[in-house]
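As structure tokens, the structure follows; a few thoughts come after it.
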Amino acid sequence: MYKAAVIGDSASVSGFAALGLSVFRETEPEKITKLISRLAANDFAVIYITEPAAALVSDTINKYRSSKLPSIVLIPAIEGNTGDGMRALHDAVEKAVGSDILN
Amino acid sequence: MARLNVNPTRMELSKLKKKLTSARRGHKLLKDKRDELMRQFMNLIKENRKLRTEVEAAISEANRYMAVAGSVMQREVLETALMLPKQEVELEVTEKNVMSVYIPEFQTKFRSGDTNDIYSYGMAFTSIDLDGAVSALNSVLPKMIRLAEVEKACQLMADEIEKTRRRVNALEHIMIPDYEETIKYITMKLSENERSTTTSLMKVKDMVLKDSHKYH
């Protein structure tokens, strides 16, 4: 059985704990990198990560882009939406189509 | 276009002709695959975009509640309230094959039967805004799971489309023209040889006739 995790600063991710997602309060790049590889190896199918936390470890996230699991999804942090999640979508379109045809 | 480095023989010619036929067929198939992948990808992208906008809006709303709750409650109390969840989310993962791209599908399973049974704390010592935050997150959870599914599918399909496009282009612009040019080269070389054989035969015939009959 697979599980879902949430990574980010404490204020942004605490709410998810009530829903029964596994919450990890990490804000340091090295720790997040280690955590992601540990989660990926341990039956976590979905990892939600706040945009500021994801910005610190973009290399690690790109590494899991082409593998089937886990699915790493960016969510806005408590400070507000940075638009990184939407940008990833535009990148995918650009990769597939050759130019960004959204908008 | 570069001509392939082969000997101009009939053997090579028939080999190349076979290769050209299969390259053309492969090109057509891959082109169809690319078009179909693209069509499905565009549908997914639209869904992905819609879901992301909704999820981001809902999480921002929950975060607003959370910020208020954090300001009226002590940090420690807030953390303690959420420490022991009643609910637990488990995912069942199945695979779906879309044009030979394997994309994961998630089915959510909750530990407790009542999906609204999410408040892991008593109401007396917590702010009402915390309830708002938790309830907002709970209502967006199914969409978040679907978003994870769609986003992964989009990434995997984008990779596959890129690969297929490269293959189609390589076949269309390099392999097929190369084969065509080499086939043309061999055909010309062979007919040239044939003409030269005919001419030398005629020459030899002339010489032999001249010798035997003393013709002038």
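We label chains A, B, ... in the order they appear in the structure tokens, count residues from 1 in each chain, and number ligands from 1 in the order shown.
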Per-residue DSSP, stretch 99-214 of chain B, filtered to alpha helix (DSSP H), as a compact mmCIF listing (two decimals) with C-alpha atoms, in the first residue's frame:
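Written output follows (result.txt):
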```txt
# COMPACT_ATOMS: atom_id res chain seq x y z
CA ILE B 128 -12.24 28.25 14.69
CA ASP B 129 -9.86 29.23 11.93
CA LEU B 130 -7.99 25.98 12.41
CA ASP B 131 -11.25 24.12 11.68
CA GLY B 132 -11.59 26.23 8.52
CA ALA B 133 -8.08 25.38 7.40
CA VAL B 134 -8.48 21.65 7.99
CA SER B 135 -11.89 21.55 6.33
CA ALA B 136 -10.63 23.48 3.28
CA LEU B 137 -7.72 21.09 2.89
CA ASN B 138 -9.98 18.08 3.34
CA SER B 139 -12.32 19.18 0.57
CA VAL B 140 -9.47 19.73 -1.86
CA LEU B 141 -7.72 16.43 -1.11
CA PRO B 142 -9.40 14.37 -3.89
CA LYS B 143 -8.41 17.06 -6.38
CA MET B 144 -4.85 17.04 -5.06
CA ILE B 145 -4.60 13.30 -5.60
CA ARG B 146 -5.96 13.67 -9.12
CA LEU B 147 -3.50 16.52 -9.71
CA ALA B 148 -0.60 14.26 -8.70
CA GLU B 149 -1.84 11.69 -11.20
CA VAL B 150 -2.34 14.14 -14.07
CA GLU B 151 0.89 16.00 -13.44
CA LYS B 152 2.90 12.78 -13.54
CA ALA B 153 1.08 11.70 -16.69
CA CYS B 154 1.90 15.03 -18.34
CA GLN B 155 5.58 14.76 -17.47
CA LEU B 156 5.86 11.19 -18.71
CA MET B 157 3.97 11.96 -21.91
CA ALA B 158 6.03 15.08 -22.58
CA ASP B 159 9.15 12.89 -22.41
CA GLU B 160 7.65 10.31 -24.74
CA ILE B 161 6.43 12.92 -27.23
CA GLU B 162 9.87 14.49 -27.34
CA LYS B 163 11.46 11.09 -28.01
CA THR B 164 8.92 10.16 -30.67
CA ARG B 165 9.29 13.54 -32.36
CA ARG B 166 13.05 13.11 -32.56
CA ARG B 167 12.62 9.67 -34.07
CA VAL B 168 10.11 10.91 -36.65
CA ASN B 169 12.43 13.76 -37.60
CA ALA B 170 15.48 11.51 -37.83
CA ILE B 176 14.90 8.16 -45.67
CA PRO B 177 16.71 10.79 -47.84
CA ASP B 178 20.00 8.95 -47.28
CA TYR B 179 18.53 5.66 -48.40
CA GLU B 180 16.90 7.29 -51.42
CA GLU B 181 20.14 8.93 -52.46
CA THR B 182 22.18 5.76 -52.04
CA ILE B 183 19.62 3.77 -54.04
CA LYS B 184 19.77 6.36 -56.80
CA TYR B 185 23.58 6.25 -56.74
CA ILE B 186 23.68 2.45 -57.00
CA THR B 187 21.10 2.39 -59.80
CA MET B 188 23.08 4.95 -61.79
CA LYS B 189 26.36 3.18 -61.17
CA LEU B 190 24.85 -0.14 -62.28
CA SER B 191 23.35 1.25 -65.46
CA GLU B 192 26.60 3.05 -66.18
CA ASN B 193 28.42 -0.28 -65.85
CA GLU B 194 25.90 -1.87 -68.14
CA ARG B 195 26.39 0.81 -70.80
CA SER B 196 30.13 0.52 -70.55
CA THR B 197 29.93 -3.26 -70.93
CA THR B 198 27.72 -2.86 -74.01
CA THR B 199 30.10 -0.36 -75.55
CA SER B 200 33.17 -2.47 -74.94
CA LEU B 201 31.35 -5.53 -76.33
CA MET B 202 30.50 -3.59 -79.47
CA LYS B 203 34.08 -2.46 -79.74
CA VAL B 204 35.39 -5.97 -79.30
CA LYS B 205 32.90 -7.27 -81.85
CA ASP B 206 34.09 -4.66 -84.33
CA MET B 207 37.69 -5.63 -83.76
CA VAL B 208 36.97 -9.34 -84.13
CA LEU B 209 34.99 -8.77 -87.31
CA LYS B 210 37.72 -6.58 -88.68
CA ASP B 211 40.32 -9.24 -88.01
CA SER B 212 38.38 -12.15 -89.48
CA HIS B 213 36.82 -10.55 -92.59
```
Contacts of A:Ser22 within 9 Å, only C-alpha atoms, excl. fewer than 6 positions in-chain, as a PyMOL selection string: (chain A and resi 3-7+16) or (chain B and resi 88-89)
Could you please take those selected residues and save C-alpha atoms as an mmCIF file, in the first residue's frame?
```
data_model
loop_
_atom_site.group_PDB
_atom_site.id
_atom_site.type_symbol
_atom_site.label_atom_id
_atom_site.label_comp_id
_atom_site.auth_asym_id
_atom_site.auth_seq_id
_atom_site.Cartn_x
_atom_site.Cartn_y
_atom_site.Cartn_z
ATOM 1 C CA LYS A 3 1.362 6.576 1.090
ATOM 2 C CA ALA A 4 1.398 10.305 0.452
ATOM 3 C CA ALA A 5 3.801 12.807 2.015
ATOM 4 C CA VAL A 6 3.940 16.568 2.458
ATOM 5 C CA ILE A 7 7.249 18.418 2.790
ATOM 6 C CA PHE A 16 -2.207 18.253 6.140
ATOM 7 C CA GLU B 88 -5.009 8.105 7.385
ATOM 8 C CA VAL B 89 -4.687 8.237 3.643
#
```
Any idea what's packed within 10 Å of A:Thr27, counting only C-alpha atoms, ignoring anything in its chain fewer than 4 positions away? Could you give it as a PyMOL selection string? chain A and resi 7-10+31-32+50+52-54+56
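Backbone DSSP over stretch 21-190 of chain B gives strand (DSSP E or B) for Val89, Glu90, Leu91, Glu92, Val93, Thr94, Glu95, Lys96, Asn97, Val98, Val101, Tyr102, Ile103, Pro104, Glu105, Phe106, Gln107, Thr108, Lys109 and Phe110 of chain B.
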Produce a file of the selected residues containing C-alpha atoms, as an mmCIF file, in the first residue's frame.
```
data_model
loop_
_atom_site.group_PDB
_atom_site.id
_atom_site.type_symbol
_atom_site.label_atom_id
_atom_site.label_comp_id
_atom_site.auth_asym_id
_atom_site.auth_seq_id
_atom_site.Cartn_x
_atom_site.Cartn_y
_atom_site.Cartn_z
ATOM 1 C CA VAL B 89 -4.687 8.237 3.643
ATOM 2 C CA GLU B 90 -3.446 5.235 1.765
ATOM 3 C CA LEU B 91 -3.041 4.997 -1.965
ATOM 4 C CA GLU B 92 -3.452 2.087 -4.259
ATOM 5 C CA VAL B 93 -1.427 2.476 -7.419
ATOM 6 C CA THR B 94 -2.438 0.937 -10.720
ATOM 7 C CA GLU B 95 -0.937 1.412 -14.131
ATOM 8 C CA LYS B 96 -2.570 2.641 -17.278
ATOM 9 C CA ASN B 97 -1.015 2.176 -20.678
ATOM 10 C CA VAL B 98 -1.501 5.151 -22.966
ATOM 11 C CA VAL B 101 3.469 5.225 -21.879
ATOM 12 C CA TYR B 102 2.777 3.680 -18.493
ATOM 13 C CA ILE B 103 1.105 6.269 -16.309
ATOM 14 C CA PRO B 104 0.204 5.640 -12.659
ATOM 15 C CA GLU B 105 -3.328 5.931 -11.330
ATOM 16 C CA PHE B 106 -4.076 6.462 -7.674
ATOM 17 C CA GLN B 107 -7.051 5.191 -5.724
ATOM 18 C CA THR B 108 -7.428 6.751 -2.313
ATOM 19 C CA LYS B 109 -8.330 4.716 0.726
ATOM 20 C CA PHE B 110 -9.180 6.256 4.065
#
```
Work out how far apart atom CA of B:Ala81 and atom CA of B:Thr126 are and give it in Å to one decimal. 7.7 Å
Name all residues at most 10 Å from A:Ser37 (count only C-alpha atoms; drop same-chain ones fewer than 3 positions away) and give them as JSON, numbers by chain. {"A": [32, 33, 34, 40, 41, 42, 60, 61, 64, 70]}
Can you check which residues of chain A have any atom within 9 Å of chain B? Use only C-alpha atoms and format it as an mmCIF file with N, CA and C atoms, in the first residue's frame.
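Result went into part-v2.cif, see below:
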```cif
data_model
loop_
_atom_site.group_PDB
_atom_site.id
_atom_site.type_symbol
_atom_site.label_atom_id
_atom_site.label_comp_id
_atom_site.auth_asym_id
_atom_site.auth_seq_id
_atom_site.Cartn_x
_atom_site.Cartn_y
_atom_site.Cartn_z
ATOM 1 N N MET A 1 0.836 -1.201 0.000
ATOM 2 C CA MET A 1 0.000 0.000 0.000
ATOM 3 C C MET A 1 0.875 1.257 0.000
ATOM 4 N N TYR A 2 0.556 2.182 -0.839
ATOM 5 C CA TYR A 2 1.393 3.376 -0.948
ATOM 6 C C TYR A 2 0.875 4.498 -0.061
ATOM 7 N N LYS A 3 1.751 5.464 0.220
ATOM 8 C CA LYS A 3 1.362 6.576 1.090
ATOM 9 C C LYS A 3 1.645 7.903 0.395
ATOM 10 N N ALA A 4 1.161 8.975 0.993
ATOM 11 C CA ALA A 4 1.398 10.305 0.452
ATOM 12 C C ALA A 4 2.081 11.160 1.503
ATOM 13 N N SER A 10 6.937 24.314 8.656
ATOM 14 C CA SER A 10 5.932 23.862 9.608
ATOM 15 C C SER A 10 4.568 24.523 9.411
ATOM 16 N N ALA A 11 4.563 25.844 9.226
ATOM 17 C CA ALA A 11 3.288 26.558 9.146
ATOM 18 C C ALA A 11 2.484 26.141 7.924
ATOM 19 N N SER A 12 3.170 25.830 6.820
ATOM 20 C CA SER A 12 2.450 25.513 5.586
ATOM 21 C C SER A 12 1.898 24.101 5.562
ATOM 22 N N SER A 14 1.387 21.855 8.372
ATOM 23 C CA SER A 14 0.758 21.261 9.562
ATOM 24 C C SER A 14 -0.666 20.808 9.302
ATOM 25 N N GLY A 15 -1.401 21.608 8.549
ATOM 26 C CA GLY A 15 -2.806 21.303 8.297
ATOM 27 C C GLY A 15 -3.010 19.953 7.662
ATOM 28 N N PHE A 16 -2.054 19.523 6.848
ATOM 29 C CA PHE A 16 -2.207 18.253 6.140
ATOM 30 C C PHE A 16 -2.125 17.063 7.088
ATOM 31 N N ALA A 17 -1.501 17.291 8.261
ATOM 32 C CA ALA A 17 -1.362 16.196 9.225
ATOM 33 C C ALA A 17 -2.739 15.681 9.628
ATOM 34 N N ALA A 18 -3.714 16.603 9.768
ATOM 35 C CA ALA A 18 -5.051 16.210 10.201
ATOM 36 C C ALA A 18 -5.725 15.300 9.178
ATOM 37 N N LEU A 19 -5.322 15.424 7.915
ATOM 38 C CA LEU A 19 -5.961 14.624 6.869
ATOM 39 C C LEU A 19 -5.364 13.228 6.775
ATOM 40 N N GLY A 20 -4.280 13.011 7.517
ATOM 41 C CA GLY A 20 -3.680 11.684 7.496
ATOM 42 C C GLY A 20 -2.579 11.528 6.472
ATOM 43 N N LEU A 21 -2.091 12.651 5.942
ATOM 44 C CA LEU A 21 -0.913 12.562 5.077
ATOM 45 C C LEU A 21 0.313 12.593 5.993
ATOM 46 N N SER A 22 1.409 11.973 5.558
ATOM 47 C CA SER A 22 2.615 12.010 6.382
ATOM 48 C C SER A 22 3.290 13.359 6.181
ATOM 49 N N PHE A 44 6.304 5.715 -1.067
ATOM 50 C CA PHE A 44 5.513 6.936 -1.123
ATOM 51 C C PHE A 44 5.228 7.237 -2.589
ATOM 52 N N ALA A 45 3.943 7.229 -2.964
ATOM 53 C CA ALA A 45 3.594 7.401 -4.363
ATOM 54 C C ALA A 45 3.467 8.877 -4.721
ATOM 55 N N VAL A 46 3.035 9.683 -3.756
ATOM 56 C CA VAL A 46 2.836 11.108 -4.020
ATOM 57 C C VAL A 46 3.574 11.913 -2.962
ATOM 58 N N ILE A 47 4.357 12.895 -3.415
ATOM 59 C CA ILE A 47 5.018 13.803 -2.480
ATOM 60 C C ILE A 47 4.595 15.222 -2.833
ATOM 61 N N TYR A 48 3.910 15.877 -1.907
ATOM 62 C CA TYR A 48 3.586 17.295 -2.088
ATOM 63 C C TYR A 48 4.683 18.092 -1.419
ATOM 64 N N ARG A 65 11.449 13.341 -12.299
ATOM 65 C CA ARG A 65 10.472 13.762 -13.299
ATOM 66 C C ARG A 65 10.103 12.617 -14.255
ATOM 67 N N SER A 66 11.137 11.906 -14.718
ATOM 68 C CA SER A 66 10.870 10.904 -15.745
ATOM 69 C C SER A 66 10.636 9.509 -15.168
ATOM 70 N N SER A 67 10.738 9.362 -13.829
ATOM 71 C CA SER A 67 10.424 8.044 -13.273
ATOM 72 C C SER A 67 8.933 7.990 -12.931
ATOM 73 N N LYS A 68 8.418 6.753 -12.912
ATOM 74 C CA LYS A 68 6.970 6.608 -12.803
ATOM 75 C C LYS A 68 6.462 7.041 -11.416
ATOM 76 N N LEU A 69 7.174 6.629 -10.389
ATOM 77 C CA LEU A 69 6.823 7.026 -9.029
ATOM 78 C C LEU A 69 8.081 7.550 -8.347
ATOM 79 N N PRO A 70 8.007 8.419 -7.410
ATOM 80 C CA PRO A 70 6.814 9.112 -6.936
ATOM 81 C C PRO A 70 6.445 10.300 -7.826
ATOM 82 N N SER A 71 5.214 10.736 -7.690
ATOM 83 C CA SER A 71 4.767 11.947 -8.364
ATOM 84 C C SER A 71 4.983 13.110 -7.395
ATOM 85 N N ILE A 72 5.873 14.022 -7.784
ATOM 86 C CA ILE A 72 6.171 15.152 -6.892
ATOM 87 C C ILE A 72 5.380 16.371 -7.352
ATOM 88 N N VAL A 73 4.545 16.896 -6.467
ATOM 89 C CA VAL A 73 3.659 17.992 -6.847
ATOM 90 C C VAL A 73 3.971 19.220 -6.004
ATOM 91 N N ILE A 75 3.081 22.680 -4.225
ATOM 92 C CA ILE A 75 1.891 23.360 -3.681
ATOM 93 C C ILE A 75 2.331 24.709 -3.105
ATOM 94 N N PRO A 76 1.428 25.690 -3.080
ATOM 95 C CA PRO A 76 1.820 26.988 -2.536
ATOM 96 C C PRO A 76 2.079 26.907 -1.032
ATOM 97 N N ALA A 77 3.052 27.680 -0.551
ATOM 98 C CA ALA A 77 3.346 27.733 0.879
ATOM 99 C C ALA A 77 2.504 28.830 1.505
ATOM 100 N N ILE A 78 2.651 29.001 2.810
ATOM 101 C CA ILE A 78 1.805 29.965 3.527
ATOM 102 C C ILE A 78 2.101 31.408 3.100
ATOM 103 N N GLU A 79 3.312 31.630 2.584
ATOM 104 C CA GLU A 79 3.660 33.010 2.171
ATOM 105 C C GLU A 79 2.942 33.414 0.893
ATOM 106 N N GLY A 80 2.403 32.470 0.177
ATOM 107 C CA GLY A 80 1.694 32.815 -1.059
ATOM 108 C C GLY A 80 2.206 31.991 -2.215
ATOM 109 N N ASN A 81 1.553 32.174 -3.360
ATOM 110 C CA ASN A 81 1.830 31.370 -4.539
ATOM 111 C C ASN A 81 2.955 32.005 -5.360
ATOM 112 N N GLY A 85 4.765 26.104 -9.655
ATOM 113 C CA GLY A 85 4.018 24.906 -10.048
ATOM 114 C C GLY A 85 3.478 25.055 -11.455
ATOM 115 N N MET A 86 2.918 26.215 -11.755
ATOM 116 C CA MET A 86 2.370 26.474 -13.081
ATOM 117 C C MET A 86 3.492 26.512 -14.119
ATOM 118 N N LEU A 89 4.371 23.238 -15.494
ATOM 119 C CA LEU A 89 3.391 22.806 -16.492
ATOM 120 C C LEU A 89 3.750 23.381 -17.863
ATOM 121 N N ALA A 92 6.626 21.565 -19.372
ATOM 122 C CA ALA A 92 6.248 20.274 -19.971
ATOM 123 C C ALA A 92 5.670 20.494 -21.363
ATOM 124 N N VAL A 93 4.839 21.527 -21.519
ATOM 125 C CA VAL A 93 4.240 21.821 -22.826
ATOM 126 C C VAL A 93 5.336 22.193 -23.823
ATOM 127 N N GLU A 94 6.278 22.994 -23.347
ATOM 128 C CA GLU A 94 7.338 23.438 -24.250
ATOM 129 C C GLU A 94 8.179 22.252 -24.701
ATOM 130 N N LYS A 95 8.393 21.325 -23.783
ATOM 131 C CA LYS A 95 9.195 20.145 -24.111
ATOM 132 C C LYS A 95 8.481 19.302 -25.164
ATOM 133 N N ALA A 96 7.166 19.140 -25.000
ATOM 134 C CA ALA A 96 6.422 18.245 -25.875
ATOM 135 C C ALA A 96 6.120 18.891 -27.224
ATOM 136 N N VAL A 97 5.697 20.145 -27.193
ATOM 137 C CA VAL A 97 5.220 20.776 -28.425
ATOM 138 C C VAL A 97 6.356 21.507 -29.143
ATOM 139 N N GLY A 98 7.334 21.987 -28.367
ATOM 140 C CA GLY A 98 8.421 22.732 -28.986
ATOM 141 C C GLY A 98 8.310 24.212 -28.689
#
```
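Between atom CA of B:Thr80 and atom CA of A:Thr82 the interatomic distance comes to 29.1 Å.
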Report, in Å with one decimal, the straight-line distance from atom CA of A:Ala88 to atom CA of A:Ile36. 18.4 Å
I'd like the contact shell of B:Lys19 - 10 Å cut-off, only C-alpha atoms, skipping same-chain residues fewer than 4 positions apart - returned as a PyMOL selection string. chain B and resi 13-15+23-25+175-176+179
